[in-house]
Structures are given as C-alpha cells and as structure tokens.
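**Q** Quick one: the structure is below, and I'll ask about it shortly.
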Amino acid sequence: MTTTPDIWEPLEPALSVRQVLTLERVLAGEPEVVAGASHLDRPVRWVHVAEAADVGVMLSGGEMVLTTGVLLAGDEEKQAEYVRSLHRADAAAVVLGLGRAFPAAPAVMRRAAERCGLPMVVLHRPFPFAELTEEVQSRLVRRKFAAVSLSEAVRTELTALITAGAPLQRLLDEVARHSACPVVVTNLAHRVLGTAGERPAVDDVLRDWERIARQAGGTEGDGWIRAELGGRGERWGRIVLCGYRGDTATGRLLADRAAEALVLHRMLGGGAACSWEEQSAQSLLTDLVSGVVPARQLLPRARAAGLPVNRRTFVPLVVRDGDTPRLDRLLRLLGLPGLVAELADGATAVLLSLPRDQDAGALAAHFAGRLRTESGRARTVVAAADPRVAWDDVPAGLREARHVADAVADSAAALDLPPVVRLRDVHLRGLIRLLRDDPHVQSFAERELDGLLCETEEDLLSVLRTYLATGRNKSRTAQLHHVSRPALYRRLESIQVRLGVDLDDFEQAASVHIALLAHDAQQQ
C-alpha cells in the first residue's frame with residue numbers, strides 16, 4: 001500500500017491567535033495586542049467579519065472576529081456589550097481595524113476584553129479583511145483536509161490488518177506510527193493490556209503508570225488523548241495516546257479511529273484464541289524467559305500489567321498439561337497475584353508474586369494440589385525454581401522451571417513426582433536434558449542404542465525404557481506392558497542381543513539408561 005509521506009507526520013497544532021498574528025498579510029496591518037495578551041494561544045477555528053453589538057448569537061465558538069467598529073462608535077455600552085457577547089460565544093479573539101470609526105483602541109472595549117480574558121488586537125494600517133479571511137481560512141481548510149485524510153488512511157490500514165488476521169500488537173504498532181507517540185491500551189482498572197511506540201518512551205510512560213493514569217483522569221492536557229473501548233452499552237477498556245504532539249482535535253480523530261478498529265478486532269476474536277490480557281502476559285513472560293530483553297527493562301511493563309513488584313518474592317513455575325484460562329482462574333480463586341502465559345510445546349509459565357512474609361513453598365504446593373484436583377489429571381506436572389527476591393533473577397528462575405518441566409515431560413517417572421517438581425527431583429534426567437544438544441551426547445546415544453533405533457524395534461525400545469525406569473524390576477515391567485514373565489524375559493534377551501550388552505551388569509545397564517535418556521530428550 002502506497003502512502004503520501006507528509007500525511008504520516010504529526011500535524012502541527014491548529015492555528016492559534018498568536019500564529020495568525022505572525023502571518024505576512026497580517027503583519028502588513030501592523031497588529032498590536034491591546035488586551036488578553038496571556039490568551040494568545042487560543043485555537044482559531046474560523047474567521048468571521050461582524051459589526052453588530054449582539055454578534056455572539058451568530059457564532060459557535062473559536063472564531064476570530066474582524067470589525068471596523070462602525071456600528072459601535074459613540075456608544076460605550078454597545079462597545080462593552082460587543083466584547084461581552086464575543087466572550088459568551090467563546091470567540092478566539094477580536095480584531096479591530098483602526099481608522100474608519102476609531103483612531104485608537106477604545107478604552108471601554110480594552111477594559112472589557114481584559115476582564116473577559118479575550119485577546120483584542122488593533123490594526124494600525126488599513127487592511128483588507130478579505131485578505132486575512134482568505135489566508136486564515138485556506139490554511140484551516142488545508143489542515144482539516146489533512147486531518148480527514150489521516151483519519152481515513154488510519155481507518156483503511158487498520159481495517160486491512162484486521163481482515164488479514166493481524167494480532168493486537170500489529171494494530172497498536174500502526175497507531176503508534178501514525179501518532180508518533182507511545183500508545184497504551186488498558187482495561188478499566190488501568191491494567192496495561194498492550195503498548196506500542198519507541199521503547200524508551202513507552203518505558204518512561206509505564207514506569208509509574210497507575211499513578212500517572214489516575215492522575216491524568218479524563219483530561220486531555222499535555223497531549224494525553226483517550227478513547228473508550230466497548231460495545232453494546234458496556235465499556236471494557238480505553239486506548240491512550242501519551243504525549244501526542246499534534247493538535248487535540250486531530251489526536252481525538254486518531255484515537256477514535258484506533259478505538260473503532262480495536263473494538264472490531266476484539267469482536268472478531270483478534271486473530272488469536274487468547275484474550276488481550278493473555279496476550280499481554282504472554283509477551284511479557286516470553287521476553288523474560290528468552291532473556292533477549294534485560295529484566296530491568298521489563299520491570300515497567302510488569303508493574304503496568306498489574307503484577308506487584310516492590311518487596312515481593314517471585315515464584316517461577318512451569319506447568320505441563322495445564323491450559324492458560326484454567327490457571328488464570330485458579331490464581332484468582334486462590335487470591336495469588338501472578339501472570340500466566342502459554343509458552344511452547346504444551347508448557348505454560350506462571351509467575352507468582354507473593355509478600356515476603358508468606359511461605360512461597362507451601363503456597364506453590366497448594367496451587368499445584370488444587371490444579372491437579374480441578375483438572376482431574378494426575379500427570380499434570382508443576383515444575384518450580386527456587387523463589388527469587390530480586391526481579392533480575394526471575395528470568396533465570398523461569399528458565400530453570402522450564403528445564404525441570406521439560407526433563408520430566410512424557411516420562412513414566414512423572415507418576416511418582418512430588419506435587420511441585422524442582423531441580424533436585426530430576427537428578428540424572430535433568431542433566432541429560434541440559435546436555436541433549438551436545439554432539440558428543442548425541443553420538444553416544446546413537447552408538448549405544450543403534451540396534452533398537454529402527455521403527456520395527458520400537459516395541460523393544462519401549463520395554464527397555466520401562467525396565468530401566470522401574471529400576472530393572474521385571475515384575476513391574478511385565479505388569480505395565482501386560483505380558484507374562486516368560487514373554488518379558490524373551491524380549492529382554494532380544495534387547496541384550498541387539499545391543500550387545502548384559503543388562504544385569506550395573507555399569508552396562510547404566511550406560512544404556514543414559515543413552516536412552518539422551519535419545520528421549522532429543523525427541524522432545
């Protein structure tokens with residue numbers, strides 16, 4: 001899709017009274033501000049020529065009114081009422097051309113304008129009002145056209161992204177590109193669901209997000225522009241342009257277009273099976289686990305996502321065979337602050353944030369027990385790293401929990417695991433899991449198991465796996481494979497022949513067991 005470069009730049013603020021007075025055509029009239037000098041930054045919406053004393057009834061606000069004062073001369077009450085009428089109509093300023101009716105600014109009008117805070121300007125040289133009207137209004141029309149073009153461009157691009165099934169982040173990135181400022185999406189409790197923009201600027205906004213968001217309230221000062229998100233009479237969030245540098249009207253237009261797109265995106269499922277809250281947690285925990293972004297830089301995001309981070313104990317968990325919505329509901333049910341996010345290969349990360357005076361181990365065990373009870377899955381694995389009290393140590397803790405969960409995945413030994421599995425519980429299996437990508441380990445596994453690694457020998461490989469996992473307990477192995485003892489003996493004999501080992505010899509059996517653990521680790 002092609003774009004016009006100048007459309008994408010943030011629009012300059014709308015013409016103010018001060019800017020109008022600097023236009024070349026206006027300067028030719030030698031303008032002088034005689035009242036309301038502290039209000040020259042008022043935006044000018046339109047230019048209007050009017051002489052009647054009750055001019056306010058013809059205005060709708062934001063106009064710069066031009067007059068020669070011919071209908072006001074000699075009547076101080078009309079002069080004062082003229083200014084008061086402009087004030088009531090919320091006019092931007094009044095410009096009086098000297099010469100026809102007044103040789104100098106009338107004191108009555110000057111005093112009235114000063115009391116009302118209405119900028120009053122006199123022109124000392126004859127000046128065709130038509131030129132000023134043409135100049136200002138052509139500029140305003142061009143700006144309005146640029147704003148409408150920007151609005152339609154944003155709507156078109158966001159709609160195209162939604163149609164293509166783009167995720168929430170892609171839409172927010174596009175909004176941030178158009179607005180050239182940080183963009184934040186929150187729920188009604190100010191919890192951040194998504195952000196976009198230059199990362200340092202976003203981090204500055206998020207660093208004390210809850211206080212800033214609540215303090216800003218519903219105002220739009222300092223470029224903070226909001227649009228509500230919701231439908232069918234119910235609000236569920238808002239989008240905020242943080243520090244938008246263009247004029248407020250254009251900012252509102254951008255925010256409204258973005259809000260429309262986000263509501264549509266959510267109604268259509270957002271191109272993903274999980275909610276925005278889940279996507280936010282997933283993005284944060286994925287970045288923590290990967291270590292690509294330093295933990296310190298992720299702290300503002302964690303705080304803004306609603307995770308308590310001050311003086312807390314963090315418990316990194318990884319759950320196997322546990323779906324994200326159930327885990328999130330269980331945390332809320334147990335009153336445990338934390339984040340839940342699906343990783344890869346059926347693993348789900350859970351980061352608990354507990355007060356330091358609570359027993360982290362006991363709470364993790366309680367969580368694991370309730371999870372197994374509610375899921376009805378005895379094989380659900382809850383792996384944990386030791387609690388961390390420093391946020392910078394959380395990524396290593398999550399990776400350790402992930403390693404433990406991977407080490408016991410699809411293992412028969414998982415049947416005898418404690419409620420919460422830790423590194424000390426995975427023993428040799430955990431070490432092999434760490435070393436599974438080492439070429440020497442891979443070569444060792446292939447060499448030791450060569451006689452059983454073809455598809456036709458998969459049954460024998462399964463018997464060997466059970467036999468070694470049960471501590472070479474033949475009765476238990478026969479029972480698990482539903483075969484008789486004599487049949488098992490024949491299979492074990494066949495395994496020994498194919499591998500050229502004696503499984504009654506401890507060292508040879510240990511060597512085969514290590515090779516099998518390495519082989520299984522490589523398949524996961």
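Following the order of the structure tokens, first chain is A, next is B, and so on, with residues numbered from 1 inside each chain and ligands from 1 in the order they appear.
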Near Ala189 of chain A, within 12 Å and counting only C-alpha atoms, which residues show up once chain neighbours fewer than 6 positions away are dropped, as a PDB file with all heavy atoms, in the first residue's frame?

**A**
```
ATOM      1  N   TRP A 209       2.959   3.987  35.888  1.00  0.00           N
ATOM      2  CA  TRP A 209       1.766   4.063  35.060  1.00  0.00           C
ATOM      3  C   TRP A 209       0.489   4.309  35.856  1.00  0.00           C
ATOM      4  O   TRP A 209      -0.297   5.189  35.527  1.00  0.00           O
ATOM      5  CB  TRP A 209       1.620   2.804  34.225  1.00  0.00           C
ATOM      6  CG  TRP A 209       0.268   2.724  33.579  1.00  0.00           C
ATOM      7  CD1 TRP A 209      -0.780   1.943  33.924  1.00  0.00           C
ATOM      8  CD2 TRP A 209      -0.186   3.530  32.482  1.00  0.00           C
ATOM      9  NE1 TRP A 209      -1.858   2.196  33.123  1.00  0.00           N
ATOM     10  CE2 TRP A 209      -1.522   3.173  32.232  1.00  0.00           C
ATOM     11  CE3 TRP A 209       0.401   4.530  31.709  1.00  0.00           C
ATOM     12  CZ2 TRP A 209      -2.268   3.757  31.215  1.00  0.00           C
ATOM     13  CZ3 TRP A 209      -0.349   5.112  30.702  1.00  0.00           C
ATOM     14  CH2 TRP A 209      -1.656   4.727  30.461  1.00  0.00           C
ATOM     15  N   GLU A 210       0.257   3.537  36.908  1.00  0.00           N
ATOM     16  CA  GLU A 210      -1.025   3.639  37.607  1.00  0.00           C
ATOM     17  C   GLU A 210      -1.240   5.039  38.173  1.00  0.00           C
ATOM     18  O   GLU A 210      -2.319   5.614  38.046  1.00  0.00           O
ATOM     19  CB  GLU A 210      -1.113   2.601  38.721  1.00  0.00           C
ATOM     20  CG  GLU A 210      -2.488   2.584  39.374  1.00  0.00           C
ATOM     21  CD  GLU A 210      -2.664   1.397  40.291  1.00  0.00           C
ATOM     22  OE1 GLU A 210      -1.807   0.497  40.291  1.00  0.00           O
ATOM     23  OE2 GLU A 210      -3.669   1.393  41.018  1.00  0.00           O
ATOM     24  N   ARG A 211      -0.194   5.600  38.770  1.00  0.00           N
ATOM     25  CA  ARG A 211      -0.339   6.950  39.317  1.00  0.00           C
ATOM     26  C   ARG A 211      -0.586   7.949  38.202  1.00  0.00           C
ATOM     27  O   ARG A 211      -1.464   8.812  38.315  1.00  0.00           O
ATOM     28  CB  ARG A 211       0.918   7.346  40.094  1.00  0.00           C
ATOM     29  CG  ARG A 211       0.827   8.716  40.749  1.00  0.00           C
ATOM     30  CD  ARG A 211       2.159   9.155  41.305  1.00  0.00           C
ATOM     31  NE  ARG A 211       3.175   9.303  40.279  1.00  0.00           N
ATOM     32  CZ  ARG A 211       3.268  10.377  39.476  1.00  0.00           C
ATOM     33  NH1 ARG A 211       2.406  11.369  39.586  1.00  0.00           N
ATOM     34  NH2 ARG A 211       4.217  10.441  38.564  1.00  0.00           N
ATOM     35  N   ALA A 213      -1.819   7.440  35.184  1.00  0.00           N
ATOM     36  CA  ALA A 213      -3.110   7.232  34.542  1.00  0.00           C
ATOM     37  C   ALA A 213      -4.246   7.784  35.391  1.00  0.00           C
ATOM     38  O   ALA A 213      -5.170   8.430  34.893  1.00  0.00           O
ATOM     39  CB  ALA A 213      -3.324   5.750  34.274  1.00  0.00           C
ATOM     40  N   ARG A 214      -4.181   7.535  36.687  1.00  0.00           N
ATOM     41  CA  ARG A 214      -5.253   8.012  37.560  1.00  0.00           C
ATOM     42  C   ARG A 214      -5.187   9.526  37.744  1.00  0.00           C
ATOM     43  O   ARG A 214      -6.208  10.200  37.845  1.00  0.00           O
ATOM     44  CB  ARG A 214      -5.168   7.312  38.919  1.00  0.00           C
ATOM     45  CG  ARG A 214      -5.479   5.823  38.829  1.00  0.00           C
ATOM     46  CD  ARG A 214      -5.483   5.177  40.191  1.00  0.00           C
ATOM     47  NE  ARG A 214      -5.672   3.749  40.085  1.00  0.00           N
ATOM     48  CZ  ARG A 214      -6.838   3.141  39.932  1.00  0.00           C
ATOM     49  NH1 ARG A 214      -7.927   3.871  39.835  1.00  0.00           N
ATOM     50  NH2 ARG A 214      -6.913   1.830  39.848  1.00  0.00           N
ATOM     51  N   ARG A 235     -18.564  -0.507  28.542  1.00  0.00           N
ATOM     52  CA  ARG A 235     -17.150  -0.168  28.349  1.00  0.00           C
ATOM     53  C   ARG A 235     -16.280  -1.247  28.984  1.00  0.00           C
ATOM     54  O   ARG A 235     -16.596  -1.770  30.045  1.00  0.00           O
ATOM     55  CB  ARG A 235     -16.815   1.177  28.989  1.00  0.00           C
ATOM     56  CG  ARG A 235     -17.460   2.367  28.320  1.00  0.00           C
ATOM     57  CD  ARG A 235     -16.915   3.666  28.884  1.00  0.00           C
ATOM     58  NE  ARG A 235     -17.104   3.751  30.313  1.00  0.00           N
ATOM     59  CZ  ARG A 235     -16.111   3.872  31.191  1.00  0.00           C
ATOM     60  NH1 ARG A 235     -14.845   3.888  30.774  1.00  0.00           N
ATOM     61  NH2 ARG A 235     -16.361   3.964  32.483  1.00  0.00           N
ATOM     62  N   TRP A 236     -15.158  -1.591  28.337  1.00  0.00           N
ATOM     63  CA  TRP A 236     -14.243  -2.584  28.917  1.00  0.00           C
ATOM     64  C   TRP A 236     -12.785  -2.162  28.822  1.00  0.00           C
ATOM     65  O   TRP A 236     -11.894  -2.893  29.235  1.00  0.00           O
ATOM     66  CB  TRP A 236     -14.428  -3.949  28.267  1.00  0.00           C
ATOM     67  CG  TRP A 236     -14.666  -3.933  26.781  1.00  0.00           C
ATOM     68  CD1 TRP A 236     -15.868  -4.037  26.144  1.00  0.00           C
ATOM     69  CD2 TRP A 236     -13.687  -3.799  25.738  1.00  0.00           C
ATOM     70  NE1 TRP A 236     -15.698  -3.977  24.781  1.00  0.00           N
ATOM     71  CE2 TRP A 236     -14.364  -3.840  24.496  1.00  0.00           C
ATOM     72  CE3 TRP A 236     -12.296  -3.649  25.739  1.00  0.00           C
ATOM     73  CZ2 TRP A 236     -13.711  -3.740  23.285  1.00  0.00           C
ATOM     74  CZ3 TRP A 236     -11.641  -3.556  24.520  1.00  0.00           C
ATOM     75  CH2 TRP A 236     -12.357  -3.600  23.317  1.00  0.00           C
ATOM     76  N   GLY A 237     -12.516  -0.974  28.323  1.00  0.00           N
ATOM     77  CA  GLY A 237     -11.122  -0.540  28.256  1.00  0.00           C
ATOM     78  C   GLY A 237     -10.995   0.829  27.626  1.00  0.00           C
ATOM     79  O   GLY A 237     -11.994   1.514  27.347  1.00  0.00           O
ATOM     80  N   ARG A 238      -9.768   1.236  27.380  1.00  0.00           N
ATOM     81  CA  ARG A 238      -9.521   2.513  26.709  1.00  0.00           C
ATOM     82  C   ARG A 238      -8.172   2.458  26.020  1.00  0.00           C
ATOM     83  O   ARG A 238      -7.290   1.685  26.393  1.00  0.00           O
ATOM     84  CB  ARG A 238      -9.565   3.678  27.699  1.00  0.00           C
ATOM     85  CG  ARG A 238      -8.614   3.582  28.845  1.00  0.00           C
ATOM     86  CD  ARG A 238      -8.717   4.801  29.762  1.00  0.00           C
ATOM     87  NE  ARG A 238     -10.040   4.944  30.332  1.00  0.00           N
ATOM     88  CZ  ARG A 238     -10.432   4.366  31.476  1.00  0.00           C
ATOM     89  NH1 ARG A 238      -9.581   3.601  32.156  1.00  0.00           N
ATOM     90  NH2 ARG A 238     -11.632   4.549  31.943  1.00  0.00           N
ATOM     91  N   ALA A 304       3.029  -2.255  35.144  1.00  0.00           N
ATOM     92  CA  ALA A 304       1.847  -1.730  34.463  1.00  0.00           C
ATOM     93  C   ALA A 304       0.830  -2.825  34.157  1.00  0.00           C
ATOM     94  O   ALA A 304      -0.363  -2.553  34.039  1.00  0.00           O
ATOM     95  CB  ALA A 304       2.260  -1.031  33.164  1.00  0.00           C
ATOM     96  N   ALA A 305       1.307  -4.083  34.038  1.00  0.00           N
ATOM     97  CA  ALA A 305       0.396  -5.208  33.779  1.00  0.00           C
ATOM     98  C   ALA A 305      -0.331  -5.648  35.035  1.00  0.00           C
ATOM     99  O   ALA A 305      -1.141  -6.576  34.994  1.00  0.00           O
ATOM    100  CB  ALA A 305       1.178  -6.380  33.193  1.00  0.00           C
ATOM    101  N   GLY A 306      -0.054  -4.996  36.154  1.00  0.00           N
ATOM    102  CA  GLY A 306      -0.752  -5.312  37.388  1.00  0.00           C
ATOM    103  C   GLY A 306      -0.014  -6.265  38.300  1.00  0.00           C
ATOM    104  O   GLY A 306      -0.571  -6.701  39.319  1.00  0.00           O
TER     105      GLY A 306
END
```

**Q** Using only C-alpha atoms, which protein or nucleic acid residues come within 12 Å of Arg199 of chain A? Drop anything in the same chain fewer than 2 positions from it, and give the result as number ranges by chain.

**A** A: 173, 176, 181-183, 195-197, 201-207, 293, 297-298, 300-301

**Q** List every residue of segment 368-483 of chain A that DSSP, applied to the backbone of this structure, places in helix (DSSP H, G or I), and write the result as a PyMOL selection string.

**A** chain A and resi 368-375+391-408+412-416+423-435+439-448+450-452+455-469+474-480

**Q** Hey, can you check how far atom CA of Arg332 of chain A sits from atom CA of Gly194 of chain A?

**A**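 These two atoms are separated by 21.1 Å.
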
**Q** As a PyMOL selection string, please: every residue in segment 92-300 of chain A that a backbone DSSP assignment puts in strand (DSSP E).

**A** chain A and resi 93-97+120-123+183-186+192-196+225-231+234-241

**Q** Report, in Å with one decimal, the straight-line distance from atom CA of Asp425 of chain A to atom CA of Val292 of chain A.

**A** 28.6 Å

**Q** I'd like the contact shell of Leu27 of chain A - 12 Å cut-off, only C-alpha atoms, skipping same-chain residues fewer than 5 positions apart - returned as number ranges by chain.

**A** A: 18-22, 32, 121-127, 131-132

**Q** Keeping only C-alpha atoms, take the residues you just selected and write them out as a compact mmCIF listing (two decimals), in the first residue's frame.

**A**
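Contents of result-v2.txt, as written:
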```txt
# COMPACT_ATOMS: atom_id res chain seq x y z
CA ARG A 18 -0.53 34.11 18.12
CA GLN A 19 0.24 32.29 14.85
CA VAL A 20 -2.37 34.26 12.92
CA LEU A 21 -0.73 37.50 14.05
CA THR A 22 2.59 36.35 12.58
CA GLU A 32 -0.95 45.36 18.25
CA VAL A 121 -5.92 43.21 18.55
CA VAL A 122 -5.93 46.52 16.69
CA LEU A 123 -4.59 47.06 13.17
CA HIS A 124 -2.83 50.43 12.78
CA ARG A 125 -2.72 50.39 8.97
CA PRO A 126 -5.68 49.98 6.62
CA PHE A 127 -6.05 46.31 5.87
CA GLU A 131 -7.20 39.01 2.57
CA LEU A 132 -6.97 37.96 6.20
```

**Q** Using only C-alpha atoms for the distances, tell me which of A:Arg399, A:His190, A:Arg312, A:Arg42 is nearest to Val240 of chain A.

**A** A:His190
